[in-house]
>>> print(open('target.pdb').read())   # PDB, C-alpha atoms
ATOM      1  CA  MET M 250      11.697  18.421 -45.190
ATOM      2  CA  ASN M 251       8.868  17.791 -47.643
ATOM      3  CA  ALA M 252       5.189  18.090 -46.844
ATOM      4  CA  GLN M 253       4.695  14.387 -46.229
ATOM      5  CA  THR M 254       7.393  13.959 -43.571
ATOM      6  CA  TYR M 255       6.246  17.200 -42.006
ATOM      7  CA  ASN M 256       2.732  15.802 -41.715
ATOM      8  CA  SER M 257       3.827  12.496 -40.251
ATOM      9  CA  THR M 258       6.099  14.238 -37.712
ATOM     10  CA  ALA M 259       3.209  16.463 -36.736
ATOM     11  CA  ALA M 260       0.937  13.444 -36.429
ATOM     12  CA  ALA M 261       3.491  11.628 -34.267
ATOM     13  CA  SER M 262       3.914  14.586 -31.941
ATOM     14  CA  SER M 263       0.184  15.066 -31.651
ATOM     15  CA  GLU M 264      -0.160  11.367 -30.821
ATOM     16  CA  ARG M 265       2.610  11.709 -28.256
ATOM     17  CA  SER M 266       0.870  14.636 -26.606
ATOM     18  CA  GLN M 267      -2.357  12.636 -26.500
ATOM     19  CA  VAL M 268      -0.471   9.839 -24.753
ATOM     20  CA  ILE M 269       0.949  12.308 -22.225
ATOM     21  CA  ILE M 270      -2.499  13.741 -21.506
ATOM     22  CA  ALA M 271      -4.046  10.286 -21.137
ATOM     23  CA  ALA M 272      -1.169   9.090 -18.939
ATOM     24  CA  THR M 273      -1.537  12.160 -16.725
ATOM     25  CA  ILE M 274      -5.242  11.443 -16.260
ATOM     26  CA  ALA M 275      -4.404   7.808 -15.379
ATOM     27  CA  LEU M 276      -1.748   8.997 -12.920
ATOM     28  CA  VAL M 277      -4.139  11.379 -11.155
ATOM     29  CA  PHE M 278      -6.830   8.691 -11.051
ATOM     30  CA  GLY M 279      -4.344   6.116  -9.702
ATOM     31  CA  LEU M 280      -2.964   8.434  -7.033
ATOM     32  CA  GLY M 281      -6.526   9.341  -6.016
ATOM     33  CA  LEU M 282      -7.444   5.684  -5.590
ATOM     34  CA  VAL M 283      -4.327   4.853  -3.585
ATOM     35  CA  PHE M 284      -4.891   7.947  -1.446
ATOM     36  CA  THR M 285      -8.490   6.918  -0.753
ATOM     37  CA  THR M 286      -7.759   3.309   0.153
ATOM     38  CA  GLY M 287      -4.439   3.954   1.856
ATOM     39  CA  PHE M 288      -4.434   7.421   3.386
ATOM     40  CA  ALA M 289      -7.855   9.082   3.729
ATOM     41  CA  HIS M 290      -8.566  10.010   7.346
ATOM     42  CA  SER M 291     -12.329   9.450   7.197
ATOM     43  CA  SER M 292     -13.127   6.926   9.914
ATOM     44  CA  SER M 293     -15.509   4.942   7.732
ATOM     45  CA  ILE M 294     -12.985   4.640   4.896
ATOM     46  CA  HIS M 295     -10.282   3.827   7.429
ATOM     47  CA  ASN M 296     -12.331   1.074   9.034
ATOM     48  CA  ALA M 297     -13.376  -0.401   5.697
ATOM     49  CA  ALA M 298      -9.823  -0.422   4.351
ATOM     50  CA  HIS M 299      -8.174  -1.152   7.711
ATOM     51  CA  ASP M 300      -6.821  -4.636   7.041
ATOM     52  CA  THR M 301      -5.583  -3.655   3.578
ATOM     53  CA  ARG M 302      -3.728  -0.633   4.950
ATOM     54  CA  HIS M 303      -1.950  -2.835   7.437
ATOM     55  CA  ALA M 304      -1.372  -5.640   4.949
ATOM     56  CA  LEU M 305       0.274  -3.267   2.453
ATOM     57  CA  SER M 306       2.190  -1.416   5.174
ATOM     58  CA  PHE M 307       0.562   1.955   4.670
ATOM     59  CA  PRO M 308       0.876   4.008   7.858
ATOM     60  CA  CYS M 309      -2.249   3.342   9.920
ATOM     61  CA  HIS M 310      -3.829   4.436  13.229
TER      62      HIS M 310
ATOM     63  CA  MET A  30      -5.827   5.970 -25.936
ATOM     64  CA  LEU A  31      -7.371   7.081 -22.644
ATOM     65  CA  MET A  32     -10.054   4.383 -22.841
ATOM     66  CA  ARG A  33      -7.387   1.767 -23.466
ATOM     67  CA  ILE A  34      -5.341   2.909 -20.459
ATOM     68  CA  LEU A  35      -8.366   2.991 -18.168
ATOM     69  CA  ALA A  36      -9.640  -0.386 -19.364
ATOM     70  CA  VAL A  37      -6.238  -2.050 -18.953
ATOM     71  CA  GLY A  38      -5.699  -0.438 -15.538
ATOM     72  CA  LEU A  39      -9.134  -1.444 -14.276
ATOM     73  CA  LEU A  40      -8.868  -5.029 -15.526
ATOM     74  CA  ALA A  41      -5.289  -5.544 -14.348
ATOM     75  CA  GLY A  42      -6.075  -4.070 -10.926
ATOM     76  CA  LEU A  43      -9.266  -6.077 -10.620
ATOM     77  CA  VAL A  44      -7.618  -9.421 -11.347
ATOM     78  CA  SER A  45      -4.483  -8.860  -9.275
ATOM     79  CA  GLY A  46      -6.493  -7.245  -6.468
ATOM     80  CA  VAL A  47      -8.841 -10.211  -6.174
ATOM     81  CA  LEU A  48      -5.917 -12.654  -6.168
ATOM     82  CA  VAL A  49      -4.080 -10.677  -3.485
ATOM     83  CA  ALA A  50      -7.284 -10.287  -1.451
ATOM     84  CA  LEU A  51      -7.468 -14.090  -1.381
ATOM     85  CA  LEU A  52      -3.808 -14.214  -0.373
ATOM     86  CA  GLN A  53      -4.480 -11.728   2.441
ATOM     87  CA  THR A  54      -7.203 -13.856   3.981
ATOM     88  CA  VAL A  55      -4.662 -16.611   4.648
ATOM     89  CA  THR A  56      -1.571 -14.470   5.382
ATOM     90  CA  THR A  57      -1.886 -10.972   6.857
ATOM     91  CA  THR A  58      -5.496 -10.854   8.038
ATOM     92  CA  PRO A  59      -5.158 -13.729  10.546
ATOM     93  CA  ILE A  60      -2.136 -11.943  12.092
ATOM     94  CA  ILE A  61      -4.054  -8.640  12.228
ATOM     95  CA  ILE A  62      -6.978 -10.290  13.971
ATOM     96  CA  GLU A  63      -4.643 -12.025  16.401
ATOM     97  CA  ALA A  64      -2.819  -8.757  17.102
ATOM     98  CA  GLU A  65      -6.009  -6.783  17.687
ATOM     99  CA  VAL A  66      -6.302  -8.662  20.955
ATOM    100  CA  TYR A  67      -3.398  -6.530  22.185
ATOM    101  CA  GLU A  68      -4.514  -3.281  20.598
ATOM    102  CA  ASN A  69      -4.854  -0.253  22.883
ATOM    103  CA  GLY A  70      -2.185  -1.766  25.083
ATOM    104  CA  GLY A  71      -4.541  -4.369  26.432
ATOM    105  CA  GLY A  72      -5.854  -1.619  28.688
ATOM    106  CA  HIS A  73      -9.365  -1.423  27.316
ATOM    107  CA  GLU A  74     -11.571   0.825  29.360
ATOM    108  CA  THR A  75     -14.712  -0.017  27.499
ATOM    109  CA  HIS A  76     -15.052  -3.614  28.531
ATOM    110  CA  ASP A  77     -14.738  -5.184  31.892
ATOM    111  CA  HIS A  78     -14.011  -8.694  32.764
ATOM    112  CA  GLY A  79     -12.049 -10.256  35.559
ATOM    113  CA  GLY A  80      -8.773 -10.451  33.693
ATOM    114  CA  GLU A  81      -8.546  -6.700  33.094
ATOM    115  CA  ALA A  82      -5.899  -5.955  35.729
ATOM    116  CA  ALA A  83      -3.898  -8.979  34.722
ATOM    117  CA  LEU A  84      -4.029  -7.875  31.095
ATOM    118  CA  GLN A  85      -1.754  -4.958  31.882
ATOM    119  CA  SER A  86       1.474  -6.887  32.206
ATOM    120  CA  GLY A  87       3.855  -9.265  30.580
ATOM    121  CA  LEU A  88       3.453 -12.980  30.283
ATOM    122  CA  LEU A  89       0.274 -13.063  32.251
ATOM    123  CA  HIS A  90      -1.131 -10.572  29.748
ATOM    124  CA  TYR A  91      -0.243 -12.921  26.928
ATOM    125  CA  ALA A  92      -1.679 -16.007  28.580
ATOM    126  CA  VAL A  93      -4.900 -14.319  29.638
ATOM    127  CA  ALA A  94      -5.302 -12.599  26.327
ATOM    128  CA  SER A  95      -4.871 -15.848  24.453
ATOM    129  CA  ALA A  96      -7.417 -17.564  26.626
ATOM    130  CA  GLU A  97      -9.910 -14.775  26.167
ATOM    131  CA  LYS A  98      -9.132 -14.092  22.550
ATOM    132  CA  ALA A  99     -12.522 -14.988  21.224
ATOM    133  CA  GLU A 100     -14.284 -12.730  23.650
ATOM    134  CA  LEU A 101     -11.847  -9.879  23.166
ATOM    135  CA  ILE A 102     -12.233  -9.933  19.410
ATOM    136  CA  PHE A 103     -15.953  -9.880  19.835
ATOM    137  CA  VAL A 104     -15.769  -6.955  22.218
ATOM    138  CA  HIS A 105     -13.410  -5.204  19.870
ATOM    139  CA  ALA A 106     -15.494  -5.621  16.750
ATOM    140  CA  GLY A 107     -17.955  -2.805  17.238
ATOM    141  CA  GLU A 108     -15.514  -0.236  18.557
ATOM    142  CA  ASP A 109     -12.421  -0.359  16.430
ATOM    143  CA  HIS A 110      -9.819   2.145  17.602
ATOM    144  CA  GLY A 111     -12.018   3.334  20.405
ATOM    145  CA  ALA A 112     -14.432   5.199  18.158
ATOM    146  CA  GLY A 113     -17.595   3.558  19.380
ATOM    147  CA  ASP A 114     -20.223   5.108  17.133
ATOM    148  CA  VAL A 115     -18.259   5.051  13.877
ATOM    149  CA  TRP A 116     -19.236   2.504  11.289
ATOM    150  CA  ALA A 117     -16.934  -0.463  10.784
ATOM    151  CA  PRO A 118     -17.616  -3.647   8.860
ATOM    152  CA  GLU A 119     -18.721  -6.610  10.957
ATOM    153  CA  ASP A 120     -16.121  -9.274  11.512
ATOM    154  CA  GLY A 121     -16.328 -12.200   9.157
ATOM    155  CA  LEU A 122     -17.647 -11.926   5.635
ATOM    156  CA  PRO A 123     -18.399  -8.153   5.571
ATOM    157  CA  ARG A 124     -14.922  -7.350   6.862
ATOM    158  CA  THR A 125     -13.328  -9.673   4.296
ATOM    159  CA  LEU A 126     -15.441  -8.071   1.582
ATOM    160  CA  TYR A 127     -14.448  -4.497   2.466
ATOM    161  CA  THR A 128     -10.808  -5.524   2.791
ATOM    162  CA  SER A 129     -11.008  -7.079  -0.673
ATOM    163  CA  ILE A 130     -12.598  -3.938  -2.145
ATOM    164  CA  ALA A 131      -9.834  -1.817  -0.635
ATOM    165  CA  THR A 132      -7.173  -4.151  -2.003
ATOM    166  CA  VAL A 133      -8.726  -4.094  -5.485
ATOM    167  CA  GLY A 134      -8.907  -0.283  -5.296
ATOM    168  CA  THR A 135      -5.236  -0.083  -4.364
ATOM    169  CA  ALA A 136      -4.314  -2.527  -7.138
ATOM    170  CA  ILE A 137      -6.198  -0.457  -9.733
ATOM    171  CA  GLY A 138      -4.409   2.633  -8.417
ATOM    172  CA  PHE A 139      -1.017   0.909  -8.713
ATOM    173  CA  ALA A 140      -1.916  -0.284 -12.236
ATOM    174  CA  MET A 141      -2.791   3.273 -13.341
ATOM    175  CA  ILE A 142       0.415   4.691 -11.854
ATOM    176  CA  LEU A 143       2.431   1.904 -13.502
ATOM    177  CA  LEU A 144       0.806   2.547 -16.876
ATOM    178  CA  ALA A 145       1.343   6.294 -16.561
ATOM    179  CA  GLY A 146       5.028   5.790 -15.731
ATOM    180  CA  MET A 147       5.622   3.458 -18.670
ATOM    181  CA  LEU A 148       3.779   5.757 -21.078
ATOM    182  CA  PHE A 149       5.669   8.852 -19.886
ATOM    183  CA  ALA A 150       8.891   6.920 -20.393
ATOM    184  CA  GLY A 151       7.770   5.762 -23.841
ATOM    185  CA  ASP A 152       8.423   2.111 -22.949
ATOM    186  CA  THR A 153       6.835  -0.760 -24.825
ATOM    187  CA  ILE A 154       4.269  -2.304 -22.498
ATOM    188  CA  THR A 155       4.756  -6.069 -22.246
ATOM    189  CA  GLU A 156       4.412  -8.488 -19.344
ATOM    190  CA  SER A 157       8.135  -8.643 -18.641
ATOM    191  CA  ARG A 158       8.756  -4.904 -18.913
ATOM    192  CA  ALA A 159       5.712  -4.097 -16.812
ATOM    193  CA  MET A 160       6.894  -6.555 -14.146
ATOM    194  CA  ALA A 161      10.296  -4.826 -14.076
ATOM    195  CA  TRP A 162       8.478  -1.522 -13.462
ATOM    196  CA  ALA A 163       6.372  -3.280 -10.842
ATOM    197  CA  ALA A 164       9.515  -4.429  -9.034
ATOM    198  CA  ALA A 165      10.637  -0.798  -8.920
ATOM    199  CA  GLY A 166       7.157   0.109  -7.673
ATOM    200  CA  PHE A 167       7.539  -2.366  -4.835
ATOM    201  CA  VAL A 168      10.893  -0.866  -3.850
ATOM    202  CA  ALA A 169       9.334   2.626  -3.888
ATOM    203  CA  THR A 170       6.101   1.968  -1.976
ATOM    204  CA  GLY A 171       7.005  -1.169  -0.020
ATOM    205  CA  LEU A 172      10.660  -1.704   0.726
ATOM    206  CA  ALA A 173      11.990   1.849   1.086
ATOM    207  CA  PRO A 174       9.225   3.194   3.366
ATOM    208  CA  ALA A 175       9.485  -0.002   5.454
ATOM    209  CA  VAL A 176      13.127   0.791   6.238
ATOM    210  CA  GLY A 177      11.987   3.843   8.213
ATOM    211  CA  LEU A 178       8.498   2.767   9.207
ATOM    212  CA  SER A 179       8.263  -0.971   9.801
ATOM    213  CA  PRO A 180       4.929  -2.379   8.672
ATOM    214  CA  GLU A 181       2.739  -2.012  11.712
ATOM    215  CA  VAL A 182       0.505  -4.628  13.108
ATOM    216  CA  PRO A 183      -2.438  -3.209  15.117
ATOM    217  CA  GLY A 184      -1.443  -2.462  18.697
ATOM    218  CA  MET A 185       2.060  -1.172  17.999
ATOM    219  CA  ALA A 186       2.900   2.241  19.347
ATOM    220  CA  ALA A 187       3.712   4.759  16.602
ATOM    221  CA  ALA A 188       4.148   8.480  16.006
ATOM    222  CA  GLU A 189       1.340  10.790  14.900
ATOM    223  CA  LEU A 190      -0.388   9.499  11.761
ATOM    224  CA  SER A 191      -0.139  12.522   9.441
ATOM    225  CA  SER A 192       3.584  12.896   9.970
ATOM    226  CA  ARG A 193       4.138   9.213   9.159
ATOM    227  CA  GLN A 194       1.933   9.475   6.060
ATOM    228  CA  ALA A 195       3.853  12.545   4.876
ATOM    229  CA  TRP A 196       7.189  10.776   5.386
ATOM    230  CA  TRP A 197       5.869   7.665   3.623
ATOM    231  CA  PHE A 198       4.713   9.673   0.613
ATOM    232  CA  ALA A 199       7.943  11.676   0.414
ATOM    233  CA  THR A 200      10.022   8.493   0.663
ATOM    234  CA  ALA A 201       8.027   6.682  -2.025
ATOM    235  CA  THR A 202       8.332   9.696  -4.363
ATOM    236  CA  CYS A 203      12.069  10.161  -3.718
ATOM    237  CA  THR A 204      12.724   6.435  -4.168
ATOM    238  CA  ALA A 205      10.840   6.341  -7.466
ATOM    239  CA  ALA A 206      12.779   9.354  -8.769
ATOM    240  CA  ALA A 207      16.055   7.901  -7.492
ATOM    241  CA  LEU A 208      15.423   4.547  -9.166
ATOM    242  CA  TRP A 209      14.759   6.338 -12.433
ATOM    243  CA  LEU A 210      18.072   8.216 -12.195
ATOM    244  CA  ILE A 211      20.013   5.101 -11.149
ATOM    245  CA  LEU A 212      18.498   2.696 -13.687
ATOM    246  CA  ARG A 213      17.937   5.069 -16.594
ATOM    247  CA  GLY A 214      20.442   7.840 -15.956
ATOM    248  CA  SER A 215      22.657   8.521 -18.960
ATOM    249  CA  ASN A 216      25.839   8.809 -16.906
ATOM    250  CA  ASN A 217      27.206   8.104 -13.446
ATOM    251  CA  TRP A 218      26.609  11.642 -12.174
ATOM    252  CA  TYR A 219      22.891  11.000 -12.561
ATOM    253  CA  ARG A 220      23.329   7.711 -10.694
ATOM    254  CA  LEU A 221      25.200   9.469  -7.904
ATOM    255  CA  LEU A 222      22.421  12.046  -7.680
ATOM    256  CA  GLY A 223      19.956   9.126  -7.583
ATOM    257  CA  VAL A 224      21.741   7.556  -4.616
ATOM    258  CA  ALA A 225      21.663  10.905  -2.799
ATOM    259  CA  ILE A 226      17.910  11.238  -3.390
ATOM    260  CA  LEU A 227      17.433   7.591  -2.369
ATOM    261  CA  VAL A 228      19.044   8.029   1.046
ATOM    262  CA  ALA A 229      17.801  11.592   1.709
ATOM    263  CA  PRO A 230      14.496  10.629   3.399
ATOM    264  CA  HIS A 231      16.332   8.148   5.624
ATOM    265  CA  VAL A 232      18.949  10.729   6.601
ATOM    266  CA  TRP A 233      16.082  13.120   7.380
ATOM    267  CA  GLY A 234      14.603  10.308   9.425
ATOM    268  CA  ALA A 235      11.164   8.784   9.746
ATOM    269  CA  PRO A 236       8.908  10.170  12.455
ATOM    270  CA  HIS A 237       9.166   8.066  15.585
ATOM    271  CA  LEU A 238       7.997   8.483  19.125
ATOM    272  CA  THR A 239      10.699  10.139  21.215
ATOM    273  CA  GLU A 240      10.085   7.820  24.131
ATOM    274  CA  HIS A 241       9.017   4.383  23.086
ATOM    275  CA  PRO A 242       6.302   2.902  25.238
ATOM    276  CA  ALA A 243       6.489  -0.873  25.359
ATOM    277  CA  SER A 244       4.431  -2.261  22.490
ATOM    278  CA  SER A 245       1.697  -4.535  23.667
ATOM    279  CA  VAL A 246       2.016  -6.848  20.666
ATOM    280  CA  PRO A 247       4.329  -9.856  21.120
ATOM    281  CA  ALA A 248       7.569  -9.440  19.146
ATOM    282  CA  HIS A 249       7.173 -12.669  17.205
ATOM    283  CA  LEU A 250       3.796 -11.520  15.918
ATOM    284  CA  ALA A 251       5.092  -8.075  14.897
ATOM    285  CA  ALA A 252       8.134  -9.558  13.149
ATOM    286  CA  GLN A 253       6.073 -12.147  11.330
ATOM    287  CA  PHE A 254       3.658  -9.439  10.230
ATOM    288  CA  ALA A 255       6.410  -7.144   8.936
ATOM    289  CA  SER A 256       7.899  -9.802   6.665
ATOM    290  CA  THR A 257       4.534 -11.187   5.559
ATOM    291  CA  SER A 258       3.111  -7.787   4.650
ATOM    292  CA  LEU A 259       6.191  -6.922   2.575
ATOM    293  CA  ALA A 260       5.822 -10.192   0.687
ATOM    294  CA  VAL A 261       2.125  -9.484   0.063
ATOM    295  CA  HIS A 262       3.003  -5.978  -1.109
ATOM    296  CA  ALA A 263       5.553  -7.431  -3.563
ATOM    297  CA  VAL A 264       3.055  -9.982  -4.877
ATOM    298  CA  LEU A 265       0.465  -7.232  -5.413
ATOM    299  CA  TRP A 266       2.888  -5.151  -7.486
ATOM    300  CA  LEU A 267       4.201  -8.066  -9.542
ATOM    301  CA  LEU A 268       0.753  -9.449 -10.337
ATOM    302  CA  THR A 269      -0.422  -5.941 -11.232
ATOM    303  CA  GLY A 270       2.574  -5.526 -13.540
ATOM    304  CA  PHE A 271       2.002  -8.886 -15.177
ATOM    305  CA  PHE A 272      -1.675  -8.207 -15.860
ATOM    306  CA  VAL A 273      -0.971  -4.687 -17.119
ATOM    307  CA  GLY A 274       1.279  -6.233 -19.777
ATOM    308  CA  PHE A 275      -1.160  -9.074 -20.381
ATOM    309  CA  TRP A 276      -4.198  -6.841 -20.992
ATOM    310  CA  TRP A 277      -2.289  -4.111 -22.835
ATOM    311  CA  LYS A 278      -1.502  -6.585 -25.610
ATOM    312  CA  ARG A 279      -5.093  -7.760 -25.805
ATOM    313  CA  ILE A 280      -7.196  -4.626 -25.430
ATOM    314  CA  GLY A 281      -7.856  -1.954 -28.023
ATOM    315  CA  GLN A 282      -4.597  -2.009 -29.916
ATOM    316  CA  SER A 283      -4.794   1.037 -32.130
TER     317      SER A 283
END
>>> encode(input="target.pdb", output="structure tokens")
Amino acid sequence: MNAQTYNSTAAASSERSQVIIAATIALVFGLGLVFTTGFAHSSSIHNAAHDTRHALSFPCH
Amino acid sequence: MLMRILAVGLLAGLVSGVLVALLQTVTTTPIIIEAEVYENGGGHETHDHGGEAALQSGLLHYAVASAEKAELIFVHAGEDHGAGDVWAPEDGLPRTLYTSIATVGTAIGFAMILLAGMLFAGDTITESRAMAWAAAGFVATGLAPAVGLSPEVPGMAAAELSSRQAWWFATATCTAAALWLILRGSNNWYRLLGVAILVAPHVWGAPHLTEHPASSVPAHLAAQFASTSLAVHAVLWLLTGFFVGFWWKRIGQS
């Protein structure tokens, strides 16, 4: 393995780890949003999102 | 990379959410509003009109409730689910608006989860691939949980909320993992394991009431709602998948 391939492999793996980090942030953000609109027990959030929860068959009431 | 993911997720969710919100106003929401007439078993204690006693039973209930629908909805508006002093959007435009916001929020959430899944898997993000993932998403969050917990229209009797939510979440997670093993597993042992994980939540069983009180919602309305809401759920996923692929190709290619 010469220096050049070593560098490009390192760059690829660092890019891959950046993708994983970014995807994890997106996953947490996405789950948080779905939890808020679909599951949060707060009465105000429930009432605001009520018809959507039923329409998308999230457990409601 | 993160900015690209967030931008694509937000845009895809926004567009598909708005489209599905429009779809909801002509499909599920009218059924919900019709069903709310029967909510709380028709035995409202907070309003009194002559038909109250008659509302308690059978056909008469249905006839009276239909006749008084307009009034009942009005009475119901301010005190959703019997919590009189808790804020709820007014019927009409405000309610439609909040429903739309919630749908857009859910769509953005689905878009982010979809993007995360495809990126973890190292898949190329195109419209067709993203829609295939979206179909799997529908099976995980729509179809599989609906096998145990039928989509509920307001007024149906159901078990305690937290236990149903926990079962729903566990089922969606198991189904997603199972689909991965079945569709992407490198050999049939993985697929077999996937099938086991797929059926596990259903063998465990969804939380149901031990004794089922008669639901006050007419069966035809509940059945129509169950199928309609699953279709809406599928449309939301597929549109979200399409727009994830659509925007991914057009935004911030680095």
>>> residues_around(input="target.pdb", residues="Ser306 of chain M", least_positions_apart="2", cutoff="9 Å", atoms="all atoms listed in the file", output="number ranges by chain")
M: 301-304, 308-309; A: 170-171, 174-175, 178-182, 255, 258-259, 262
>>> closest_atom_pairs(input="target.pdb", of="chain M", to="chain A", cutoff="7 Å", atoms="all atoms listed in the file", output="JSON lines")
{"residue": "M:Val268", "atom": "CA", "partner": "A:Met30", "partner_atom": "CA", "distance": 6.7}
{"residue": "M:Ile269", "atom": "CA", "partner": "A:Phe149", "partner_atom": "CA", "distance": 6.3}
{"residue": "M:Ala271", "atom": "CA", "partner": "A:Leu31", "partner_atom": "CA", "distance": 4.9}
{"residue": "M:Ala272", "atom": "CA", "partner": "A:Ala145", "partner_atom": "CA", "distance": 4.4}
{"residue": "M:Thr273", "atom": "CA", "partner": "A:Ala145", "partner_atom": "CA", "distance": 6.5}
{"residue": "M:Ala275", "atom": "CA", "partner": "A:Met141", "partner_atom": "CA", "distance": 5.2}
{"residue": "M:Leu276", "atom": "CA", "partner": "A:Ile142", "partner_atom": "CA", "distance": 4.9}
{"residue": "M:Gly279", "atom": "CA", "partner": "A:Gly138", "partner_atom": "CA", "distance": 3.7}
{"residue": "M:Leu280", "atom": "CA", "partner": "A:Gly138", "partner_atom": "CA", "distance": 6.1}
{"residue": "M:Leu282", "atom": "CA", "partner": "A:Gly138", "partner_atom": "CA", "distance": 5.1}
{"residue": "M:Val283", "atom": "CA", "partner": "A:Thr135", "partner_atom": "CA", "distance": 5.1}
{"residue": "M:Thr286", "atom": "CA", "partner": "A:Ala131", "partner_atom": "CA", "distance": 5.6}
{"residue": "M:Ser292", "atom": "CA", "partner": "A:Val115", "partner_atom": "CA", "distance": 6.7}
{"residue": "M:Ser293", "atom": "CA", "partner": "A:Trp116", "partner_atom": "CA", "distance": 5.7}
{"residue": "M:Asn296", "atom": "CA", "partner": "A:Ala117", "partner_atom": "CA", "distance": 5.2}
{"residue": "M:Ala297", "atom": "CA", "partner": "A:Tyr127", "partner_atom": "CA", "distance": 5.3}
{"residue": "M:Ala298", "atom": "CA", "partner": "A:Ala131", "partner_atom": "CA", "distance": 5.2}
{"residue": "M:Asp300", "atom": "CA", "partner": "A:Thr128", "partner_atom": "CA", "distance": 5.9}
{"residue": "M:Thr301", "atom": "CA", "partner": "A:Thr128", "partner_atom": "CA", "distance": 5.6}
{"residue": "M:His303", "atom": "CA", "partner": "A:Glu181", "partner_atom": "CA", "distance": 6.4}
{"residue": "M:Ala304", "atom": "CA", "partner": "A:Ser258", "partner_atom": "CA", "distance": 5.0}
{"residue": "M:Leu305", "atom": "CA", "partner": "A:His262", "partner_atom": "CA", "distance": 5.2}
{"residue": "M:Ser306", "atom": "CA", "partner": "A:Pro180", "partner_atom": "CA", "distance": 4.5}
{"residue": "M:Pro308", "atom": "CA", "partner": "A:Gln194", "partner_atom": "CA", "distance": 5.9}
{"residue": "M:Cys309", "atom": "CA", "partner": "A:Leu190", "partner_atom": "CA", "distance": 6.7}
{"residue": "M:His310", "atom": "CA", "partner": "A:Leu190", "partner_atom": "CA", "distance": 6.3}
>>> atom_distance(input="target.pdb", atom1="atom CA of Ala161 of chain A", atom2="atom CA of Phe271 of chain A")
9.3 Å
>>> axis_aligned_box(input="target.pdb", around="segment 259-267 of chain M", padding_each_side="4 Å", output="JSON")
{"center_x": 0.8, "center_y": 13.9, "center_z": -31.6, "size_x": 14.3, "size_y": 13.1, "size_z": 18.2}
>>> residues_around(input="target.pdb", residues="Arg158 of chain A", least_positions_apart="6", cutoff="10 Å", atoms="all atoms listed in the file", output="number ranges by chain")
A: 147, 152, 164, 270-271, 273-274
>>> closest_residue(input="target.pdb", among="M:Val277, M:Ala260, M:Ala289, M:Ile270", to="Phe307 of chain M", atoms="only C-alpha atoms")
M:Ala289
>>> atom_distance(input="target.pdb", atom1="atom CA of Thr153 of chain A", atom2="atom CA of Gly166 of chain A")
17.2 Å
>>> resolve_selection(input="target.pdb", expression="the PyMOL selection byres ((chain A and resi 247) around 10)", output="MDAnalysis selection string")
chainID A and resid 64 67 87:88 91 184:185 244:246 248:252
>>> atom_distance(input="target.pdb", atom1="atom CA of Ile274 of chain M", atom2="atom CA of Ala261 of chain M")
20.0 Å
>>> resolve_selection(input="target.pdb", expression="the PyMOL selection byres ((chain A and resi 210) around 8)", output="count of residues only")
12
>>> closest_residue(input="target.pdb", among="A:Gly177, A:Leu122, A:Leu52, A:Val66", to="His237 of chain A", atoms="all atoms listed in the file")
A:Gly177
